[in-house]
Structure formats: structure tokens, C-alpha cells
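A.B. asks: Mind having a look at this structure? Questions to follow.
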Amino acid sequence: MSDFQQRASHDEPSGLSRRQFLTYALGGTGAFMASLVAVPFVVETLDPIRRGGANRFVNSGHKVSEFNKTLPQLVEFRAHRDDGWNSADIPSRTWVILQPDGTPLAMSPICTHLGCQVNGTLGPDGKPAPAQDGQWWFHCPCHGSKYTVYGIQSPGSPAPRPLDVHTVKVDEAGYLYLGPLQQRNSSGQVIS
Amino acid sequence: MLKKAYDWIDERLNVTPLWRDVADHEVPAHVNPAIKMSAFVYCFGGLTFLVITTQILSGMFLAMYYTPDITNAWYSVRYITDEVLLGNVVRGMHFWGASLVIIMMFLHMLRVFFTGAYKKPREMNWVVGVLIFFVVLGFGFTGYLLPWDQKAYWATAVGAQLAGSIPWIGPYIQTLLLGSHTVGALTLTRFFAIHVFFLPAALLVLLALHFIMIRAQHIAGPL
């Protein structure tokens, strides 16, 4: 054995013995063939990553002119959701207020703390009413997160960021279209 | 690096003899295609096992997207085929591989039959092989229903009628097979469970017996 190895290394200056070469060649061929089988499995498994979130805009059924700059109005709409081989129109809600520059801000009622539905401040008639303490208009029933009419959380709230907002579009007739939700940072700027 | 990791494990668990036992197991001259090309017929058993392995793997990956429910099964299969990246390849592997298993297994059986390898002392291994044959046919029968298309539905309807035509006990067998009085939701869940849980368990046990016996009794001698 050692005699053979000495002779082999003497004859082959590259240092690669015949046995080693065959091991590499067979191993490489085997790995290639195995990868032909394995690659489709891996790609198929990773498929969900290439699917983005919902990217569709749906008509809210309301014109921008129906909203005002003082208090958010509740809008009920049907969000389209593609879920694998299922697709459904899910009843959804959003609070819409006009920002000082007149552009609509459509806020999700989902608390950014742990996902409860936040309540707006409503008067006895069930219509939006001014905030009782003059500042915090949305209240989360679960852990007391408070938000302004623009969905910015109070400093003491457990909520880590303002209410998420829909990307919005307005068509020629003035109807408000609601798109995917986006997160905002604490100063209200959309971050993603 | 790899070598060091292997040595570390080997020093503690002494794993080398485990794979050495398989790797150093000598291939008899009369079954080695490198010596005599016609000996490739002895490869059919191993090729059957190779295809079965890919069937198990592709089936596991298909199961991530499939759902055995009469309203959704076909849509989930269409989703795999049309939407999932390379899903049609994985489904194709399982579809064509299914036929390939039957073909390879049949060729393997012909080789064993015509070389007389089933004779004493290997009768029991032949019997286990026949049981594997039935299990694989069961895979084919139950798997055929899962896409829940017209072909699947009517093939199973006919299969159930065949079972139902057995004298006296036929109707009972048919009901137990379908899990209901008709091919429907209960049939689909039942066939799915048989296809992915019961039959694989039976197959792995039988394959283990098959391999342990051939290892203990050695491959039959030359003609």
C-alpha cells in the first residue's frame, strides 16, 4: 500500500493519484445527477418568496370630496385577497381623513402593537366626534394605545409606530381607490 | 474541515464500519456490467429503488401545495402546475416516475424470474417482492385519484365497481374502499391518507426486509 502510494506520487507530479481522481470524478458526476433531482424541489419550495403581497387597488365606493380635514370617516370596502388557489373579497375597514394639503390618508384600524381593532371617537349619533382630550382620537381597547386623527401614536402608547396606511389613487371621477398597506415611521413618513 | 468534523464524530461513535460494510461489499463478477455489459439486467432492482426514492422526495414536496378536498384538490393541483415555480417539473417527476417504478419493478421481476433467483433459499424474498409489487400498485391506484379530475374520478369509480363485483363481500369492500356509498369527499381523504401515510410505511418496512434478506443470502449465482 505505502509502496504503491510512493510510486504513484513519484510518477504523477501533480500529486493527484488515480484513485483520488476517480473518486472526484464519480463524486462530481453523482453530485451533478443528484442536484438535477434536488434543484426543482428547492426552487418549488422557495416559490412563496417571489410572490409579492397583494398589489391591487379596489374602489372604496366614496369620492375624495366626501371626506374632510378635521375628523376621519369610517369606510367599509371589500379588499381583494389572492391566497394560493383561493381568492376572496374580504370585508375590510379603513379610516379616511384629508391631510392639510388635501390628499387623502386612509388608515388601517389594526393597532400596530398587537393587531387589535382600534376605535375612533364617536358621538352619541354614531358619527365621528372631536377627541375628548383634544388630541388622542383613536383608542385601542386592548392595551390603551392612543393615536391622533392622522394615526400618530401617543408617546406613552405600547404601539411602536403609527397606524399603517393604504397607498391611495384617485380616478378622474374623484373616487378613492385603496391599495396595499404601508408602514410609517414615528414622524408619519411612509417607510415601506 | 469536513475531514476534521468527520473524524470528531467517528472518534466518538465509530461510524466508519457502518458505511464501510456497504462500500466494501464486493459486487460479484457475474452481476458487474463493467466486466460483462449484459449484466446490466442486475441493475433493475437498484434502479427501482432509485426511482422510488425520487418518488418519495417529489411526493413530499408536492404535499406542501396539495390539499385533499373535493372543492380544492383540483385547484391546488392546477396551482402547482401553472403557478408554482418549477411546480410542473416536480409534478412531472412524480407523474412519470410513477410509471417508471412499475416498469423498473416489472423488469426486475423478469430478471429474477428468468435467472431463477427466486429458488431456494430465496423464496421468502420473492414473496416479499410480490408484496412490494402489490403495495406499489396500491400507490398507483390511490395516487391516480388525487388530482380529482375526470380521469381520476372515473378510474376510481370503475375500480370501485370492480371491487364491488366480488361475490357476497363485494359491496362491503367497496364501501370500505370508498369510505362512503359513492366516490366523494371521504374517498379523497381516505385515498390521500393511504397514499401518503399507510403505503409508504408498509413500503419502507418491506423494502428493509427485501434488502436485509438479499444481504444475508447474497445475490444468486451465475446461470
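How things are named: the first chain in the C-alpha cells is A, the next is B, and so on; residues count from 1 in each chain; ligands count from 1 in the order shown.
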Taking only C-alpha atoms into account, what are the residues of chain B at most 8 Å from chain A, put as a PyMOL selection string?
C.D. replies: chain B and resi 54+58+61+72+75-76+79+84-87+89-90
A.B. asks: Would you list, as number ranges by chain, the residues of chain B that end up in alpha helix (DSSP H) under DSSP run on this structure's backbone?
C.D. replies: B: 2-13, 16-23, 44-62, 73-82, 87-114, 123-145, 150-164, 170-178, 185-193, 199-217
A.B. asks: How many Å lie between atom CA of B:Met213 and atom CA of B:Met124, rounded to one decimal?
C.D. replies: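 A separation of 8.5 Å between them.
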A.B. asks: Considering only C-alpha atoms, state which residue in the set B:Arg111, B:His30, B:Gln150, B:Val158 is at the smallest distance from B:Pro222.
C.D. replies: B:His30
A.B. asks: Any idea what the distance is between atom CA of B:Leu107 and atom CA of B:Phe44?
C.D. replies: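 Distance between the two atoms: 6.4 Å.
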A.B. asks: Can you pull out every residue within 10 Å of B:Ile102, counting only C-alpha atoms, but drop anything in the same chain fewer than 4 positions away, and send it as a ChimeraX atom specification?
C.D. replies: /B:48,51-52,97-98,106-108,133,136-137,140
A.B. asks: Take the residues just selected and output them with all heavy atoms as a PDB file, in the first residue's frame.
C.D. replies:
ATOM      1  N   THR B  48     -35.032   0.489  -9.515  1.00  0.00           N
ATOM      2  CA  THR B  48     -36.382   0.624  -8.949  1.00  0.00           C
ATOM      3  C   THR B  48     -36.321   1.396  -7.645  1.00  0.00           C
ATOM      4  O   THR B  48     -37.111   2.314  -7.408  1.00  0.00           O
ATOM      5  CB  THR B  48     -36.992  -0.773  -8.697  1.00  0.00           C
ATOM      6  OG1 THR B  48     -36.853  -1.565  -9.857  1.00  0.00           O
ATOM      7  CG2 THR B  48     -38.460  -0.655  -8.325  1.00  0.00           C
ATOM      8  N   VAL B  51     -35.724   5.120  -8.276  1.00  0.00           N
ATOM      9  CA  VAL B  51     -36.921   5.835  -8.714  1.00  0.00           C
ATOM     10  C   VAL B  51     -37.892   5.992  -7.552  1.00  0.00           C
ATOM     11  O   VAL B  51     -38.521   7.041  -7.376  1.00  0.00           O
ATOM     12  CB  VAL B  51     -37.595   5.110  -9.903  1.00  0.00           C
ATOM     13  CG1 VAL B  51     -38.787   5.906 -10.396  1.00  0.00           C
ATOM     14  CG2 VAL B  51     -36.607   4.920 -11.034  1.00  0.00           C
ATOM     15  N   ILE B  52     -38.002   4.944  -6.709  1.00  0.00           N
ATOM     16  CA  ILE B  52     -38.880   5.048  -5.535  1.00  0.00           C
ATOM     17  C   ILE B  52     -38.412   6.179  -4.622  1.00  0.00           C
ATOM     18  O   ILE B  52     -39.220   6.942  -4.083  1.00  0.00           O
ATOM     19  CB  ILE B  52     -38.920   3.694  -4.773  1.00  0.00           C
ATOM     20  CG1 ILE B  52     -39.790   2.693  -5.544  1.00  0.00           C
ATOM     21  CG2 ILE B  52     -39.454   3.879  -3.360  1.00  0.00           C
ATOM     22  CD1 ILE B  52     -39.786   1.299  -4.950  1.00  0.00           C
ATOM     23  N   GLY B  97     -42.471   9.365 -12.979  1.00  0.00           N
ATOM     24  CA  GLY B  97     -41.786   8.428 -12.092  1.00  0.00           C
ATOM     25  C   GLY B  97     -42.684   7.288 -11.662  1.00  0.00           C
ATOM     26  O   GLY B  97     -42.241   6.155 -11.483  1.00  0.00           O
ATOM     27  N   ALA B  98     -43.994   7.588 -11.512  1.00  0.00           N
ATOM     28  CA  ALA B  98     -44.939   6.554 -11.099  1.00  0.00           C
ATOM     29  C   ALA B  98     -44.963   5.405 -12.095  1.00  0.00           C
ATOM     30  O   ALA B  98     -44.920   4.234 -11.717  1.00  0.00           O
ATOM     31  CB  ALA B  98     -46.335   7.166 -10.944  1.00  0.00           C
ATOM     32  N   PHE B 106     -41.142  -4.260 -12.841  1.00  0.00           N
ATOM     33  CA  PHE B 106     -41.511  -5.399 -13.683  1.00  0.00           C
ATOM     34  C   PHE B 106     -40.270  -6.014 -14.341  1.00  0.00           C
ATOM     35  O   PHE B 106     -40.113  -7.235 -14.391  1.00  0.00           O
ATOM     36  CB  PHE B 106     -42.514  -4.934 -14.749  1.00  0.00           C
ATOM     37  CG  PHE B 106     -43.307  -6.072 -15.332  1.00  0.00           C
ATOM     38  CD1 PHE B 106     -44.334  -6.651 -14.607  1.00  0.00           C
ATOM     39  CD2 PHE B 106     -43.008  -6.576 -16.591  1.00  0.00           C
ATOM     40  CE1 PHE B 106     -45.059  -7.712 -15.135  1.00  0.00           C
ATOM     41  CE2 PHE B 106     -43.731  -7.636 -17.120  1.00  0.00           C
ATOM     42  CZ  PHE B 106     -44.755  -8.205 -16.388  1.00  0.00           C
ATOM     43  N   LEU B 107     -39.360  -5.137 -14.829  1.00  0.00           N
ATOM     44  CA  LEU B 107     -38.118  -5.640 -15.422  1.00  0.00           C
ATOM     45  C   LEU B 107     -37.291  -6.407 -14.381  1.00  0.00           C
ATOM     46  O   LEU B 107     -36.717  -7.469 -14.666  1.00  0.00           O
ATOM     47  CB  LEU B 107     -37.299  -4.473 -15.985  1.00  0.00           C
ATOM     48  CG  LEU B 107     -37.892  -3.796 -17.223  1.00  0.00           C
ATOM     49  CD1 LEU B 107     -37.080  -2.562 -17.591  1.00  0.00           C
ATOM     50  CD2 LEU B 107     -37.936  -4.768 -18.398  1.00  0.00           C
ATOM     51  N   HIS B 108     -37.243  -5.853 -13.160  1.00  0.00           N
ATOM     52  CA  HIS B 108     -36.526  -6.511 -12.064  1.00  0.00           C
ATOM     53  C   HIS B 108     -37.120  -7.889 -11.797  1.00  0.00           C
ATOM     54  O   HIS B 108     -36.400  -8.876 -11.645  1.00  0.00           O
ATOM     55  CB  HIS B 108     -36.627  -5.619 -10.820  1.00  0.00           C
ATOM     56  CG  HIS B 108     -36.076  -6.239  -9.570  1.00  0.00           C
ATOM     57  ND1 HIS B 108     -34.778  -6.682  -9.460  1.00  0.00           N
ATOM     58  CD2 HIS B 108     -36.643  -6.480  -8.346  1.00  0.00           C
ATOM     59  CE1 HIS B 108     -34.579  -7.177  -8.242  1.00  0.00           C
ATOM     60  NE2 HIS B 108     -35.699  -7.071  -7.556  1.00  0.00           N
ATOM     61  N   PHE B 133     -44.766  -5.388  -4.812  1.00  0.00           N
ATOM     62  CA  PHE B 133     -45.482  -5.175  -6.071  1.00  0.00           C
ATOM     63  C   PHE B 133     -46.914  -4.708  -5.800  1.00  0.00           C
ATOM     64  O   PHE B 133     -47.384  -3.722  -6.368  1.00  0.00           O
ATOM     65  CB  PHE B 133     -45.487  -6.486  -6.868  1.00  0.00           C
ATOM     66  CG  PHE B 133     -46.036  -6.369  -8.258  1.00  0.00           C
ATOM     67  CD1 PHE B 133     -45.184  -6.093  -9.316  1.00  0.00           C
ATOM     68  CD2 PHE B 133     -47.386  -6.531  -8.515  1.00  0.00           C
ATOM     69  CE1 PHE B 133     -45.683  -5.980 -10.612  1.00  0.00           C
ATOM     70  CE2 PHE B 133     -47.888  -6.418  -9.800  1.00  0.00           C
ATOM     71  CZ  PHE B 133     -47.033  -6.142 -10.850  1.00  0.00           C
ATOM     72  N   VAL B 136     -46.981  -1.184  -4.416  1.00  0.00           N
ATOM     73  CA  VAL B 136     -46.749  -0.184  -5.462  1.00  0.00           C
ATOM     74  C   VAL B 136     -48.001  -0.013  -6.327  1.00  0.00           C
ATOM     75  O   VAL B 136     -48.360   1.111  -6.704  1.00  0.00           O
ATOM     76  CB  VAL B 136     -45.522  -0.578  -6.314  1.00  0.00           C
ATOM     77  CG1 VAL B 136     -45.419   0.298  -7.545  1.00  0.00           C
ATOM     78  CG2 VAL B 136     -44.256  -0.449  -5.481  1.00  0.00           C
ATOM     79  N   LEU B 137     -48.696  -1.115  -6.618  1.00  0.00           N
ATOM     80  CA  LEU B 137     -49.956  -0.990  -7.354  1.00  0.00           C
ATOM     81  C   LEU B 137     -50.951  -0.168  -6.537  1.00  0.00           C
ATOM     82  O   LEU B 137     -51.707   0.636  -7.084  1.00  0.00           O
ATOM     83  CB  LEU B 137     -50.541  -2.376  -7.664  1.00  0.00           C
ATOM     84  CG  LEU B 137     -49.791  -3.207  -8.702  1.00  0.00           C
ATOM     85  CD1 LEU B 137     -50.588  -4.471  -9.010  1.00  0.00           C
ATOM     86  CD2 LEU B 137     -49.539  -2.421  -9.981  1.00  0.00           C
ATOM     87  N   GLY B 140     -50.250   3.381  -7.040  1.00  0.00           N
ATOM     88  CA  GLY B 140     -50.757   3.841  -8.328  1.00  0.00           C
ATOM     89  C   GLY B 140     -52.261   4.083  -8.284  1.00  0.00           C
ATOM     90  O   GLY B 140     -52.757   5.104  -8.739  1.00  0.00           O
TER      91      GLY B 140
END
A.B. asks: Out of B:Leu62, B:Gly164, B:Asn125, B:Tyr144, which residue has the shortest atom-to-atom distance to B:Leu207 when counting only C-alpha atoms?
C.D. replies: B:Asn125
A.B. asks: Please identify all polymer residues within 9 Å of B:Ala73, counting only C-alpha atoms, omitting same-chain residues fewer than 6 positions from it, and present them as a list of chain:residue names.
C.D. replies: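 The contact residues come out as B:Tyr66, B:Thr67, B:Leu146, B:Pro147, B:Trp148, B:Asp149, B:Leu188.
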A.B. asks: Once you have the residues from the selection above, write them out as a compact mmCIF listing (two decimals), in the first residue's frame, restricted to N, CA, C and O atoms.
C.D. replies:
# COMPACT_ATOMS: atom_id res chain seq x y z
N TYR B 66 -50.49 20.61 -2.09
CA TYR B 66 -51.71 19.87 -2.41
C TYR B 66 -52.66 19.86 -1.23
O TYR B 66 -52.25 19.87 -0.07
N THR B 67 -53.96 19.86 -1.51
CA THR B 67 -54.94 19.70 -0.44
C THR B 67 -55.99 18.67 -0.85
O THR B 67 -56.54 18.73 -1.94
N LEU B 146 -55.94 11.47 -6.76
CA LEU B 146 -55.66 12.71 -6.04
C LEU B 146 -55.83 13.99 -6.85
O LEU B 146 -56.26 15.00 -6.30
N PRO B 147 -55.49 14.03 -8.18
CA PRO B 147 -55.72 15.29 -8.91
C PRO B 147 -57.20 15.66 -9.00
O PRO B 147 -57.53 16.80 -9.29
N TRP B 148 -58.08 14.71 -8.77
CA TRP B 148 -59.53 14.94 -8.73
C TRP B 148 -60.03 15.56 -10.04
O TRP B 148 -60.84 16.50 -10.05
N ASP B 149 -59.52 15.07 -11.16
CA ASP B 149 -60.07 15.47 -12.46
C ASP B 149 -60.96 14.33 -12.97
O ASP B 149 -61.20 13.34 -12.27
N LEU B 188 -61.64 10.76 -1.21
CA LEU B 188 -60.43 11.53 -1.48
C LEU B 188 -59.54 11.59 -0.24
O LEU B 188 -58.33 11.36 -0.32
A.B. asks: Taking 2 positions as the minimum chain separation for residues in the same chain, which residues sit within 6 Å of stretch 151-162 of chain A when counting only C-alpha atoms? Answer as a PyMOL selection string.
C.D. replies: chain A and resi 112-113+145-149+185-186
A.B. asks: Could those residues be written to a file, using C-alpha atoms, as an mmCIF file, in the first residue's frame?
C.D. replies:
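Output saved as again-v8.cif:
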data_model
loop_
_atom_site.group_PDB
_atom_site.id
_atom_site.type_symbol
_atom_site.label_atom_id
_atom_site.label_comp_id
_atom_site.auth_asym_id
_atom_site.auth_seq_id
_atom_site.Cartn_x
_atom_site.Cartn_y
_atom_site.Cartn_z
ATOM 1 C CA THR A 112 -49.592 48.370 15.334
ATOM 2 C CA HIS A 113 -48.997 46.968 18.827
ATOM 3 C CA SER A 145 -52.660 52.687 22.603
ATOM 4 C CA LYS A 146 -53.775 56.175 21.545
ATOM 5 C CA TYR A 147 -53.400 57.851 18.162
ATOM 6 C CA THR A 148 -54.082 61.291 16.678
ATOM 7 C CA VAL A 149 -56.573 61.802 13.842
ATOM 8 C CA ASN A 185 -42.156 55.801 10.975
ATOM 9 C CA SER A 186 -42.922 57.794 14.131
#
